[in-house]
file my_file.pdb (PDB, C-alpha atoms)
ATOM      1  CA  MET F   1      87.542 -38.085  21.076  1.00  0.00           C
ATOM      2  CA  LEU F   2      90.945 -39.598  20.497  1.00  0.00           C
ATOM      3  CA  LEU F   3      92.768 -37.619  23.222  1.00  0.00           C
ATOM      4  CA  PRO F   4      90.895 -39.172  26.197  1.00  0.00           C
ATOM      5  CA  ALA F   5      91.591 -42.630  24.787  1.00  0.00           C
ATOM      6  CA  LEU F   6      95.302 -41.845  24.465  1.00  0.00           C
ATOM      7  CA  ALA F   7      95.403 -40.494  28.026  1.00  0.00           C
ATOM      8  CA  GLN F   8      93.758 -43.697  29.297  1.00  0.00           C
ATOM      9  CA  THR F   9      96.271 -45.812  27.359  1.00  0.00           C
ATOM     10  CA  ARG F  10      99.177 -43.883  28.889  1.00  0.00           C
ATOM     11  CA  GLN F  11      97.719 -44.289  32.371  1.00  0.00           C
ATOM     12  CA  ASN F  12      97.242 -48.028  31.819  1.00  0.00           C
ATOM     13  CA  SER F  13     100.861 -48.412  30.683  1.00  0.00           C
ATOM     14  CA  GLN F  14     102.038 -46.563  33.809  1.00  0.00           C
ATOM     15  CA  VAL F  15     100.017 -48.940  35.982  1.00  0.00           C
ATOM     16  CA  ILE F  16     101.550 -51.949  34.250  1.00  0.00           C
ATOM     17  CA  GLU F  17     105.085 -50.558  34.587  1.00  0.00           C
ATOM     18  CA  CYS F  18     104.511 -49.665  38.248  1.00  0.00           C
ATOM     19  CA  LEU F  19     103.306 -53.197  39.037  1.00  0.00           C
ATOM     20  CA  ALA F  20     106.269 -54.658  37.151  1.00  0.00           C
ATOM     21  CA  ASN F  21     108.655 -52.492  39.201  1.00  0.00           C
ATOM     22  CA  GLN F  22     107.064 -53.628  42.458  1.00  0.00           C
ATOM     23  CA  ARG F  23     107.259 -57.240  41.337  1.00  0.00           C
ATOM     24  CA  GLN F  24     110.972 -56.882  40.540  1.00  0.00           C
ATOM     25  CA  LEU F  25     111.599 -55.397  43.983  1.00  0.00           C
ATOM     26  CA  ALA F  26     109.622 -58.181  45.668  1.00  0.00           C
ATOM     27  CA  VAL F  27     111.565 -60.840  43.751  1.00  0.00           C
ATOM     28  CA  ALA F  28     114.834 -59.120  44.709  1.00  0.00           C
ATOM     29  CA  TRP F  29     113.756 -59.180  48.384  1.00  0.00           C
ATOM     30  CA  MET F  30     113.078 -62.907  48.153  1.00  0.00           C
ATOM     31  CA  MET F  31     116.429 -63.533  46.445  1.00  0.00           C
ATOM     32  CA  TYR F  32     118.195 -61.564  49.174  1.00  0.00           C
ATOM     33  CA  ALA F  33     116.406 -63.621  51.833  1.00  0.00           C
ATOM     34  CA  ARG F  34     117.395 -66.893  50.175  1.00  0.00           C
ATOM     35  CA  ASP F  35     121.021 -65.792  50.049  1.00  0.00           C
ATOM     36  CA  ASN F  36     120.967 -64.671  53.705  1.00  0.00           C
ATOM     37  CA  ASN F  37     119.500 -67.568  55.713  1.00  0.00           C
ATOM     38  CA  ASP F  38     115.902 -66.378  55.192  1.00  0.00           C
ATOM     39  CA  LYS F  39     116.578 -62.999  56.793  1.00  0.00           C
ATOM     40  CA  LEU F  40     114.739 -60.114  55.210  1.00  0.00           C
ATOM     41  CA  VAL F  41     116.622 -57.027  54.112  1.00  0.00           C
ATOM     42  CA  PRO F  42     117.164 -54.672  57.071  1.00  0.00           C
ATOM     43  CA  VAL F  43     115.194 -51.430  56.896  1.00  0.00           C
ATOM     44  CA  GLY F  44     116.368 -48.544  59.038  1.00  0.00           C
ATOM     45  CA  SER F  45     114.760 -45.379  60.286  1.00  0.00           C
ATOM     46  CA  LEU F  46     116.463 -41.998  60.116  1.00  0.00           C
ATOM     47  CA  ALA F  47     118.382 -43.009  63.250  1.00  0.00           C
ATOM     48  CA  TYR F  48     120.212 -45.611  61.137  1.00  0.00           C
ATOM     49  CA  GLN F  49     121.767 -43.346  58.529  1.00  0.00           C
ATOM     50  CA  PRO F  50     125.360 -42.148  58.080  1.00  0.00           C
ATOM     51  CA  ALA F  51     126.384 -38.828  59.594  1.00  0.00           C
ATOM     52  CA  SER F  52     126.949 -37.129  56.225  1.00  0.00           C
ATOM     53  CA  PHE F  53     124.785 -37.273  53.110  1.00  0.00           C
ATOM     54  CA  ALA F  54     127.335 -35.259  51.114  1.00  0.00           C
ATOM     55  CA  GLU F  55     129.820 -38.136  50.830  1.00  0.00           C
ATOM     56  CA  ASN F  56     129.721 -40.971  48.323  1.00  0.00           C
ATOM     57  CA  PRO F  57     127.759 -43.763  50.056  1.00  0.00           C
ATOM     58  CA  LEU F  58     129.499 -46.418  47.951  1.00  0.00           C
ATOM     59  CA  THR F  59     132.694 -45.721  49.899  1.00  0.00           C
ATOM     60  CA  GLU F  60     131.037 -45.728  53.354  1.00  0.00           C
ATOM     61  CA  PRO F  61     132.093 -48.974  55.117  1.00  0.00           C
ATOM     62  CA  ASN F  62     129.016 -49.023  57.383  1.00  0.00           C
ATOM     63  CA  LEU F  63     126.702 -49.148  54.359  1.00  0.00           C
ATOM     64  CA  GLN F  64     128.426 -52.117  52.730  1.00  0.00           C
ATOM     65  CA  PRO F  65     126.962 -55.623  53.223  1.00  0.00           C
ATOM     66  CA  GLY F  66     127.589 -56.615  56.828  1.00  0.00           C
ATOM     67  CA  GLY F  67     128.032 -52.979  57.899  1.00  0.00           C
ATOM     68  CA  ALA F  68     126.155 -51.524  60.862  1.00  0.00           C
ATOM     69  CA  LEU F  69     124.002 -49.302  58.598  1.00  0.00           C
ATOM     70  CA  ALA F  70     123.574 -51.656  55.606  1.00  0.00           C
ATOM     71  CA  GLN F  71     119.903 -51.731  54.616  1.00  0.00           C
ATOM     72  CA  PHE F  72     117.267 -51.733  51.852  1.00  0.00           C
ATOM     73  CA  CYS F  73     117.800 -48.195  50.632  1.00  0.00           C
ATOM     74  CA  PRO F  74     119.653 -45.854  52.981  1.00  0.00           C
ATOM     75  CA  GLY F  75     119.426 -42.101  52.972  1.00  0.00           C
ATOM     76  CA  ASN F  76     116.929 -39.373  53.682  1.00  0.00           C
ATOM     77  CA  LEU F  77     114.802 -38.069  50.819  1.00  0.00           C
ATOM     78  CA  GLN F  78     114.106 -34.953  52.908  1.00  0.00           C
ATOM     79  CA  SER F  79     117.794 -34.024  52.832  1.00  0.00           C
ATOM     80  CA  THR F  80     118.644 -31.396  50.231  1.00  0.00           C
ATOM     81  CA  VAL F  81     122.328 -32.233  50.711  1.00  0.00           C
ATOM     82  CA  MET F  82     121.624 -35.808  49.624  1.00  0.00           C
ATOM     83  CA  THR F  83     119.042 -35.236  46.893  1.00  0.00           C
ATOM     84  CA  ALA F  84     120.796 -32.283  45.242  1.00  0.00           C
ATOM     85  CA  GLY F  85     124.229 -33.826  45.645  1.00  0.00           C
ATOM     86  CA  ARG F  86     126.221 -35.566  42.955  1.00  0.00           C
ATOM     87  CA  TYR F  87     125.921 -38.953  44.712  1.00  0.00           C
ATOM     88  CA  TYR F  88     122.099 -39.074  44.800  1.00  0.00           C
ATOM     89  CA  ASP F  89     121.788 -42.206  42.623  1.00  0.00           C
ATOM     90  CA  ASN F  90     124.479 -43.962  44.661  1.00  0.00           C
ATOM     91  CA  TRP F  91     122.158 -43.993  47.685  1.00  0.00           C
ATOM     92  CA  ILE F  92     120.037 -46.485  45.756  1.00  0.00           C
ATOM     93  CA  ARG F  93     123.042 -48.401  44.431  1.00  0.00           C
ATOM     94  CA  VAL F  94     124.444 -48.969  47.938  1.00  0.00           C
ATOM     95  CA  GLY F  95     121.196 -50.600  49.083  1.00  0.00           C
ATOM     96  CA  LEU F  96     121.318 -54.321  49.793  1.00  0.00           C
ATOM     97  CA  VAL F  97     118.609 -55.129  47.225  1.00  0.00           C
ATOM     98  CA  TYR F  98     120.205 -53.220  44.343  1.00  0.00           C
ATOM     99  CA  PRO F  99     122.623 -56.043  43.325  1.00  0.00           C
ATOM    100  CA  TYR F 100     119.554 -58.185  42.600  1.00  0.00           C
ATOM    101  CA  VAL F 101     117.821 -55.453  40.565  1.00  0.00           C
ATOM    102  CA  GLN F 102     120.714 -53.527  38.934  1.00  0.00           C
ATOM    103  CA  ASN F 103     118.391 -50.812  37.631  1.00  0.00           C
ATOM    104  CA  ILE F 104     117.636 -47.527  39.387  1.00  0.00           C
ATOM    105  CA  ALA F 105     114.470 -47.007  37.307  1.00  0.00           C
ATOM    106  CA  VAL F 106     112.810 -49.942  39.100  1.00  0.00           C
ATOM    107  CA  TYR F 107     112.720 -47.897  42.323  1.00  0.00           C
ATOM    108  CA  LYS F 108     110.445 -45.246  40.793  1.00  0.00           C
ATOM    109  CA  CYS F 109     106.795 -45.359  39.782  1.00  0.00           C
ATOM    110  CA  PRO F 110     106.443 -43.966  36.233  1.00  0.00           C
ATOM    111  CA  ALA F 111     103.518 -41.781  37.335  1.00  0.00           C
ATOM    112  CA  ASP F 112     105.508 -40.159  40.157  1.00  0.00           C
ATOM    113  CA  LEU F 113     106.414 -36.576  39.301  1.00  0.00           C
ATOM    114  CA  SER F 114     107.478 -35.620  42.809  1.00  0.00           C
ATOM    115  CA  ARG F 115     110.656 -33.694  43.477  1.00  0.00           C
ATOM    116  CA  CYS F 116     113.203 -34.191  46.209  1.00  0.00           C
ATOM    117  CA  PRO F 117     113.151 -33.199  48.908  1.00  0.00           C
ATOM    118  CA  TYR F 118     109.404 -33.745  49.026  1.00  0.00           C
ATOM    119  CA  GLY F 119     107.539 -30.481  48.975  1.00  0.00           C
ATOM    120  CA  ALA F 120     110.387 -28.723  47.171  1.00  0.00           C
ATOM    121  CA  SER F 121     109.699 -25.729  44.982  1.00  0.00           C
ATOM    122  CA  PRO F 122     108.542 -26.497  41.416  1.00  0.00           C
ATOM    123  CA  THR F 123     111.676 -24.692  40.235  1.00  0.00           C
ATOM    124  CA  PHE F 124     113.815 -27.361  41.903  1.00  0.00           C
ATOM    125  CA  THR F 125     114.824 -29.475  38.928  1.00  0.00           C
ATOM    126  CA  LYS F 126     115.682 -32.807  40.559  1.00  0.00           C
ATOM    127  CA  TYR F 127     112.923 -35.372  40.331  1.00  0.00           C
ATOM    128  CA  SER F 128     112.823 -38.142  42.878  1.00  0.00           C
ATOM    129  CA  ASP F 129     114.640 -41.310  41.825  1.00  0.00           C
ATOM    130  CA  ARG F 130     112.805 -43.416  44.375  1.00  0.00           C
ATOM    131  CA  THR F 131     109.087 -43.803  44.907  1.00  0.00           C
ATOM    132  CA  TYR F 132     108.826 -47.117  46.714  1.00  0.00           C
ATOM    133  CA  SER F 133     109.588 -47.524  50.356  1.00  0.00           C
ATOM    134  CA  VAL F 134     109.173 -50.194  52.995  1.00  0.00           C
ATOM    135  CA  ASN F 135     107.782 -49.972  56.489  1.00  0.00           C
ATOM    136  CA  CYS F 136     110.692 -49.887  58.925  1.00  0.00           C
ATOM    137  CA  TYR F 137     109.093 -52.693  60.975  1.00  0.00           C
ATOM    138  CA  VAL F 138     109.680 -55.100  58.070  1.00  0.00           C
ATOM    139  CA  GLY F 139     113.162 -56.379  58.789  1.00  0.00           C
ATOM    140  CA  GLY F 140     113.527 -53.438  61.144  1.00  0.00           C
ATOM    141  CA  MET F 141     116.904 -52.529  62.586  1.00  0.00           C
ATOM    142  CA  GLN F 142     115.357 -51.531  65.936  1.00  0.00           C
ATOM    143  CA  TRP F 143     112.216 -51.867  68.018  1.00  0.00           C
ATOM    144  CA  TRP F 144     110.544 -48.604  68.963  1.00  0.00           C
ATOM    145  CA  ASP F 145     108.145 -50.339  71.316  1.00  0.00           C
ATOM    146  CA  SER F 146     109.156 -53.528  73.107  1.00  0.00           C
ATOM    147  CA  LYS F 147     105.559 -54.777  72.797  1.00  0.00           C
ATOM    148  CA  LEU F 148     105.858 -54.806  69.018  1.00  0.00           C
ATOM    149  CA  GLN F 149     107.866 -57.367  67.127  1.00  0.00           C
ATOM    150  CA  THR F 150     109.567 -56.716  63.839  1.00  0.00           C
ATOM    151  CA  LEU F 151     109.378 -59.033  60.887  1.00  0.00           C
ATOM    152  CA  GLN F 152     112.921 -60.425  60.825  1.00  0.00           C
ATOM    153  CA  GLU F 153     112.624 -63.829  59.212  1.00  0.00           C
ATOM    154  CA  GLY F 154     110.351 -64.444  56.263  1.00  0.00           C
ATOM    155  CA  VAL F 155     109.791 -68.164  56.714  1.00  0.00           C
ATOM    156  CA  ARG F 156     108.949 -68.115  60.415  1.00  0.00           C
ATOM    157  CA  TYR F 157     106.496 -65.236  60.393  1.00  0.00           C
ATOM    158  CA  GLU F 158     102.763 -65.798  60.659  1.00  0.00           C
ATOM    159  CA  PRO F 159     101.051 -62.581  59.545  1.00  0.00           C
ATOM    160  CA  PRO F 160      97.812 -61.528  61.233  1.00  0.00           C
ATOM    161  CA  TRP F 161      96.215 -61.017  57.806  1.00  0.00           C
ATOM    162  CA  PRO F 162      95.315 -63.773  55.315  1.00  0.00           C
ATOM    163  CA  GLY F 163      98.162 -64.850  53.092  1.00  0.00           C
ATOM    164  CA  PRO F 164     101.904 -64.105  53.043  1.00  0.00           C
ATOM    165  CA  HIS F 165     102.104 -60.473  51.918  1.00  0.00           C
ATOM    166  CA  LEU F 166     105.192 -58.367  51.444  1.00  0.00           C
ATOM    167  CA  GLY F 167     104.217 -54.968  50.190  1.00  0.00           C
ATOM    168  CA  PHE F 168     105.896 -51.892  48.833  1.00  0.00           C
ATOM    169  CA  TYR F 169     104.190 -48.544  48.977  1.00  0.00           C
TER     170      TYR F 169
END
call {"tool": "encode", "arguments": {"input": "my_file.pdb", "output": "structure tokens"}}
result
Amino acid sequence: MLLPALAQTRQNSQVIECLANQRQLAVAWMMYARDNNDKLVPVGSLAYQPASFAENPLTEPNLQPGGALAQFCPGNLQSTVMTAGRYYDNWIRVGLVYPYVQNIAVYKCPADLSRCPYGASPTFTKYSDRTYSVNCYVGGMQWWDSKLQTLQEGVRYEPPWPGPHLGFY
């Protein structure tokens, strides 16, 4: 009888930690916006990534603040070159929100046991360091459809749903 109770306790602690991680990321987003004239952190699609995932992203000028590819968390979790490379954690560190968080563990849900690249063989030993992502229309670096508008400025945006929501998933 004790084992199901312990499993439930572990699951509850993972939920609490996951919510705390998301809260820290949301606070970091708001701090970034306050420091940058209420502009949200840019979020880029795969079209807005550096040419090589094998290089150290911390030395890539385009990924530094103000660079053409600077964004929330650059990289491609489907890239074996990036995820199996020695600079994997640096792809989180080079993100524009990381200076406000300063902890890679915040980017990962404690219940996430996925491996990178997603769908990799169970024998692949590298677990994903990042669970949370953001829709690329939030602070998007491009418009895929001219009829759609991206959320660029937090204070001037009137969402179509009730309340000011900024979500990570």
call {"tool": "resolve_selection", "arguments": {"input": "my_file.pdb", "expression": "the PyMOL selection byres ((chain F and resi 127) around 7)", "output": "list in words"}}
result
Leu113, Ser114, Arg115, Cys116, Thr125, Lys126, Ser128 and Asp129 of chain F
call {"tool": "write_last_selection", "arguments": {"input": "my_file.pdb", "atoms": "C-alpha atoms", "output": "compact mmCIF listing (two decimals), keeping the file's coordinate frame"}}
result
# COMPACT_ATOMS: atom_id res chain seq x y z
CA LEU F 113 106.41 -36.58 39.30
CA SER F 114 107.48 -35.62 42.81
CA ARG F 115 110.66 -33.69 43.48
CA CYS F 116 113.20 -34.19 46.21
CA THR F 125 114.82 -29.48 38.93
CA LYS F 126 115.68 -32.81 40.56
CA SER F 128 112.82 -38.14 42.88
CA ASP F 129 114.64 -41.31 41.82
call {"tool": "closest_residue", "arguments": {"input": "my_file.pdb", "among": "F:Ala54, F:Val27, F:Leu46, F:Leu40", "to": "F:Thr83", "atoms": "only C-alpha atoms"}}
result
F:Ala54
call {"tool": "resolve_selection", "arguments": {"input": "my_file.pdb", "expression": "the PyMOL selection byres ((chain F and resi 58) around 7)", "output": "list of chain:residue names"}}
result
F:Asn56, F:Pro57, F:Thr59, F:Glu60, F:Asn90, F:Val94
call {"tool": "atom_distance", "arguments": {"input": "my_file.pdb", "atom1": "atom CA of F:Pro110", "atom2": "atom CA of F:Asn12"}}
result
11.0 Å
call {"tool": "atom_distance", "arguments": {"input": "my_file.pdb", "atom1": "atom CA of F:Ala33", "atom2": "atom CA of F:Val138"}}
result
12.5 Å
